[in-house]
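One structure is given below, encoded as C-alpha cells.
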Amino acid sequence: MPFRKNEGLPVFILEKGFALTFLLAPLLFGCVHPASAFFLSAMFFVFLIIRPDSVSAFYVLPKFFRYGMLAVFVFILFQAFFLSMNRHETVSELLRWTALAAGFLMIQSFPESSMKRLLTVIACAGVLEAIYGLFQTHSGLEMALWKAKEAHRGFVTGTYLNRNHLAGFLEMSLGIQLGFLLSAFWKKDKGKMAAWGLSFLISLTALIQTASRMGIMSFFLSFLFMAFFLPLPSKSKKIFFLFAFVLGGMALWHGWDVLSYRFKDLEEGIASVNSRFFVWQDALGMLRDHPWFGVGLGNFKWVFPNYQSERLLMSWDHAHQDYLELAIELGIPAAMLLFFSFAGLWISLFVTYCSPNNRKHYPLIWGALLGLLSFALHGLADFNFSVSANVMIFIFVLGILNRQGEIPGLSGKIAWVIRLAAFCLVILCIQRAWARPITDPLRLTQEMPFYGRGWLNLGLSRLQAQEASPDGVTSAEWPALRDLFQSAYQKEPGSAWVCFVTGRTLLSYPQYLSKAEKQSALGRLRKSASIHFPNQASVELAPILEFLWAQFSDFEMLKSMTPHDFASYQVLLKFAENHKLTAEHAELFPEFERMREVEYKRRVQQAEKWFNQGSYQKALDAYQEAYWIGQEKEGAKLGMQAAKARLEMKRQ
C-alpha cells in the first residue's frame, strides 16, 4: 500500500496494524481462547497509545448511536461492580468490549482510501480460510493448524475449531467478495470479474461444506433481500444474478453430499434431547427472573446450570441465540438499547450508501452490508457474537462503512491521559490473559445455590486446564478435583448424566482412587445405566461398557454393571459379538434367551389387556414390540392382525 503524506504516520501504522489483526485473529482459532482474546484486546489499546486523539471521533458519530452506546457502557460498568453474579467475568467482558469500542473509534480517522484496502484484506482472509479448510477436509488430515480436530470431522472448519464459527466469518467475507465482484461487473473489468468470481466460488464452496445450516440459510436470505436494492438496469441485473447463481450452483454441486446429509438430519436434530429449542426454553426462566438488570455480562454459562432441565445433557456455555443470551446477561432494557443503536446505524448506512445517487462505492458497500446482515441473522441460532475474531470483524466493518475521515483534535494533556489509561489497560489485558480463571468461579459456587451440573461443569473445566498443563493432573491437584465431582453427585444424585460423567471421570484416574472410591464410581455408572425417568433421557449402556472395557478389559465387571433385564443384556451380547468375545457370548446366551421369553410374554399379556379394554392402538403397539422380540412366535402376529382389524372397523 502506498504511503500518503496527508494520511500521517500514525494512521499509516494503524491501518497496517488493523490489516494484520484481520489476518491473525481468524488464524488463532478465532480467538475463542480467553488468552488470545485478551492479547487481541491489548493490541487495540496499544494502537490507542499511538493515536489517542481518535477518542474524539465519539463526537462525530450519529447522535442516537453515540448516546445509546454511552448509556450501555455506563450500565455495564455499574453492573460489573454492583450487580453481576460473577464480577470477574463481567469485568473481563467489559475490557474486551472497550477494546472493540476503541478500535471502532480509531477507524473513524482513516482516510477514504483505507476503506477499500481493509475490506480487501478481509475478503482475501476469507479466501485463504476457505482454501485451507477445503484442503484440510479433503486431504483427510483433519487438523486445525497443529491441533487435531476433536469435533466436526468431515466438515470444513479452517483454522476455527467449530464449523459454525468459520461459517460466520465466511458470511462476512463472502458479502465483501460479492461487492468486489459487483464492482468489477459494474466497470466491465473482465480480469477482476474472473478473479473475484473464482474467490467467491471457493469461499461459497467452503461455506456449504461447513454444513452450517443457519449460516447457509442466513447468507441465502440476505442475498435475496439485498437483491432488491441493486440500482442496475434490468438487463444488467439479470446477467449479474445469472452469473452469481451459476457460481452458487457450482458450489452447491461440490458440497451437495455434505449439505444433504445435514439438512436430512434437521428433523431429528430438533427433536433430540440436546435441541437448542430446549436450551431457549430453559434460558427464558433466567430472563423471567432477571428481566431488568440481567445476571451480568459473560455470566450465562455460570448461571444457566441452575435453570437447566433434565432433558438437556452436558454443559451449555451459550444459549445458541445471541440476542436471547444478551438480554439475559444485560437485562431487557440495556439489550434493547444496544440492539436498536446498532440496527439504527446499519439502517442509516444502508440509506446513505444504497441509493442511486451514491454510486462511487455503492457495489462494495452493498456487499459489505449483505455480509453483516447474514452474520446478524446467523445469531438467531448460534453464538458467533461470542467469538472474538468474528465480532471484531463485524464491529470494524461497520466502523469502516461509517468512517468519518476528519475528527476533532485533543489537547496535549488529555492525549497523554488517554495514553496512560490505554497503557494501564494493556497491562490489565496481559494480566488477564495469563491469569488462571478458576479461582473466581470457585468463589461463585459458594455464593450461589449451584445446581449439580454447575459443579460438574466446573470440575470438567478445571480438569481440562490441568490436563493441558505441562505436569498434567498431579496427586496434589486431584483432591480438589475429586471434591468438585463429589459435590456434583451430592447435589444431583438422580441425574443419569451426572452419575455417568462423575463415575467415568473418577475411573479415568484409577491411580488416585482407593478401593472404596473405585467401587463408588462403579456404582454411579451402574446407577446411570438403570435410571429411567419420564422427564430425563437415561444414559445408554453401550458407552459405559466401552469405557470400562478400555480401562480394565474385565468382562466380569461389565456383566456385573449391566442391569438384569432383556434390553440391557441385548446390548451386552452385541458388545461381546463386536469385540469377538465368543466364549463370553456363549455363556450369556442361555440367560438372554430366558429373559427374551419372559419379556415376550410380558408384552403379549400387556397387549391382551389393552385389547380387552378396547384400546386397540395401544394393543397394536404392544403386539408389535412383542413381535420384534420373538418374530418366530405366532401369538404376536395373530394379535397384530386382530388389533388392525378392530382399528379398521372403528374407522369405518
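Following the order of the C-alpha cells, chains are lettered A, B, ..., residues in each are numbered from 1, and ligands are numbered from 1.
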
*Within 8 Å of stretch 201-205 of chain A, counting only C-alpha atoms, which residues qualify if same-chain residues fewer than 4 places away don't, as a PyMOL selection string?*
chain A and resi 126-127+130-131+170+174+197+209+247-248+250-252+254-255

*Which of these residues is nearest to A:Leu40, using only C-alpha atoms: A:Ile216, A:Val426, A:Val397, A:Ala421?*
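Smallest separation from A:Leu40 among the options: A:Val426.
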
*Would you mind listing what lies within 7 Å of stretch 340-354 of chain A as an NGL selection string, with only C-alpha atoms counted and same-chain residues fewer than 5 positions away left out?*
:A and (64-65 or 68 or 229 or 362 or 365-366 or 402)

Please produce an output containing N, CA and C atoms for each residue in the selection, written as a JSON list (two decimals), in the first residue's frame.
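out.json, freshly written:
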```json
[["chain", "number", "residue", "atom", "x", "y", "z"],
["A", 64, "PHE", "N", -27.92, 9.26, 17.94],
["A", 64, "PHE", "CA", -28.65, 8.14, 18.53],
["A", 64, "PHE", "C", -27.69, 7.02, 18.91],
["A", 65, "PHE", "N", -26.69, 6.79, 18.07],
["A", 65, "PHE", "CA", -25.72, 5.74, 18.33],
["A", 65, "PHE", "C", -24.77, 6.14, 19.46],
["A", 68, "GLY", "N", -26.71, 6.13, 22.85],
["A", 68, "GLY", "CA", -27.12, 4.76, 23.17],
["A", 68, "GLY", "C", -25.96, 3.94, 23.67],
["A", 229, "PHE", "N", -32.12, -4.11, -3.92],
["A", 229, "PHE", "CA", -31.56, -2.77, -3.80],
["A", 229, "PHE", "C", -30.36, -2.57, -4.72],
["A", 362, "TYR", "N", -20.80, 2.23, -4.14],
["A", 362, "TYR", "CA", -22.05, 1.50, -3.90],
["A", 362, "TYR", "C", -21.89, -0.02, -3.95],
["A", 365, "ILE", "N", -20.08, -1.34, -0.77],
["A", 365, "ILE", "CA", -20.89, -1.13, 0.44],
["A", 365, "ILE", "C", -22.07, -2.09, 0.45],
["A", 366, "TRP", "N", -22.67, -2.29, -0.72],
["A", 366, "TRP", "CA", -23.80, -3.22, -0.83],
["A", 366, "TRP", "C", -23.38, -4.62, -0.38],
["A", 402, "ASN", "N", -18.85, 3.44, 8.32],
["A", 402, "ASN", "CA", -19.28, 4.69, 8.95],
["A", 402, "ASN", "C", -18.13, 5.72, 9.01]]
```

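For the pair atom CA of A:His88 and atom CA of A:Ile393, the interatomic distance is 25.5 Å.
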
*asked:* Taking 2 positions as the minimum chain separation for residues in the same chain, which residues sit within 12 Å of A:Leu221 when counting only C-alpha atoms? Answer as a list of chain:residue names.
replied: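 The residues that qualify are A:Glu171, A:Met214, A:Gly215, A:Ile216, A:Met217, A:Ser218, A:Phe219, A:Phe223, A:Leu224, A:Phe225, A:Met226, A:Ala227, A:Phe228, A:Leu370, A:Gly371, A:Leu373, A:Ser374, A:Phe375, A:Ala376, A:Leu377, A:His378.
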
*asked:* Using only C-alpha atoms for the distances, tell me which of A:Ala619, A:Leu401, A:Leu182, A:Ala35 is nearest to A:Gln606.
replied: A:Ala619

*Shell of 9 Å around A:Met561, only C-alpha atoms, local chain residues under 6 positions omitted, as a VMD selection string*: chain A and resid 522 to 523 525 to 527 529 544 to 545

_as number ranges by chain, please: the residues near stretch 165-168 of chain A (cut-off 7 Å, only C-alpha atoms, same-chain neighbours under 4 positions excluded)._
A: 157-158, 160, 172, 207, 210, 212, 215, 375, 384, 390

*To one decimal place, how far is atom CA of A:Phe575 from atom CA of A:Leu507 in Å?*
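We find that atom CA of A:Phe575 and atom CA of A:Leu507 lie 20.2 Å from each other.
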
*Give me the residues within 10 Å of stretch 277-292 of chain A as a PyMOL selection string, counting only C-alpha atoms and dropping any in the same chain fewer than 5 places off.*
chain A and resi 270-272+300+303-309+311-312+316+318-321+324-325+327-335+381

*For A:Thr505, which residue among A:Ser139, A:Ser54, A:Gln490, A:Gln464 is the nearest when counting only C-alpha atoms?*
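Answer, going by the shortest atom-to-atom distance: A:Gln464.
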
_Which residue of A:Cys429, A:Leu398, A:Val121, A:Ala195 approaches A:Gly103 most closely, using only C-alpha atoms_ = A:Leu398

*Mind the document's chain letters and residue numbers, and return as number ranges by chain the residues of stretch 12-232 of chain A that DSSP labels strand (DSSP E or B).*
A: 143-144, 147-148

Go ahead and dump the residues you just picked, C-alpha atoms, as an mmCIF file, in the first residue's frame.
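Below is the file selection.cif, written as the result:
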```cif
data_model
loop_
_atom_site.group_PDB
_atom_site.id
_atom_site.type_symbol
_atom_site.label_atom_id
_atom_site.label_comp_id
_atom_site.auth_asym_id
_atom_site.auth_seq_id
_atom_site.Cartn_x
_atom_site.Cartn_y
_atom_site.Cartn_z
ATOM 1 C CA MET A 143 -6.083 -30.749 11.611
ATOM 2 C CA ALA A 144 -6.730 -27.148 12.607
ATOM 3 C CA LYS A 147 -4.343 -29.258 16.726
ATOM 4 C CA ALA A 148 -6.224 -32.397 15.747
#
```
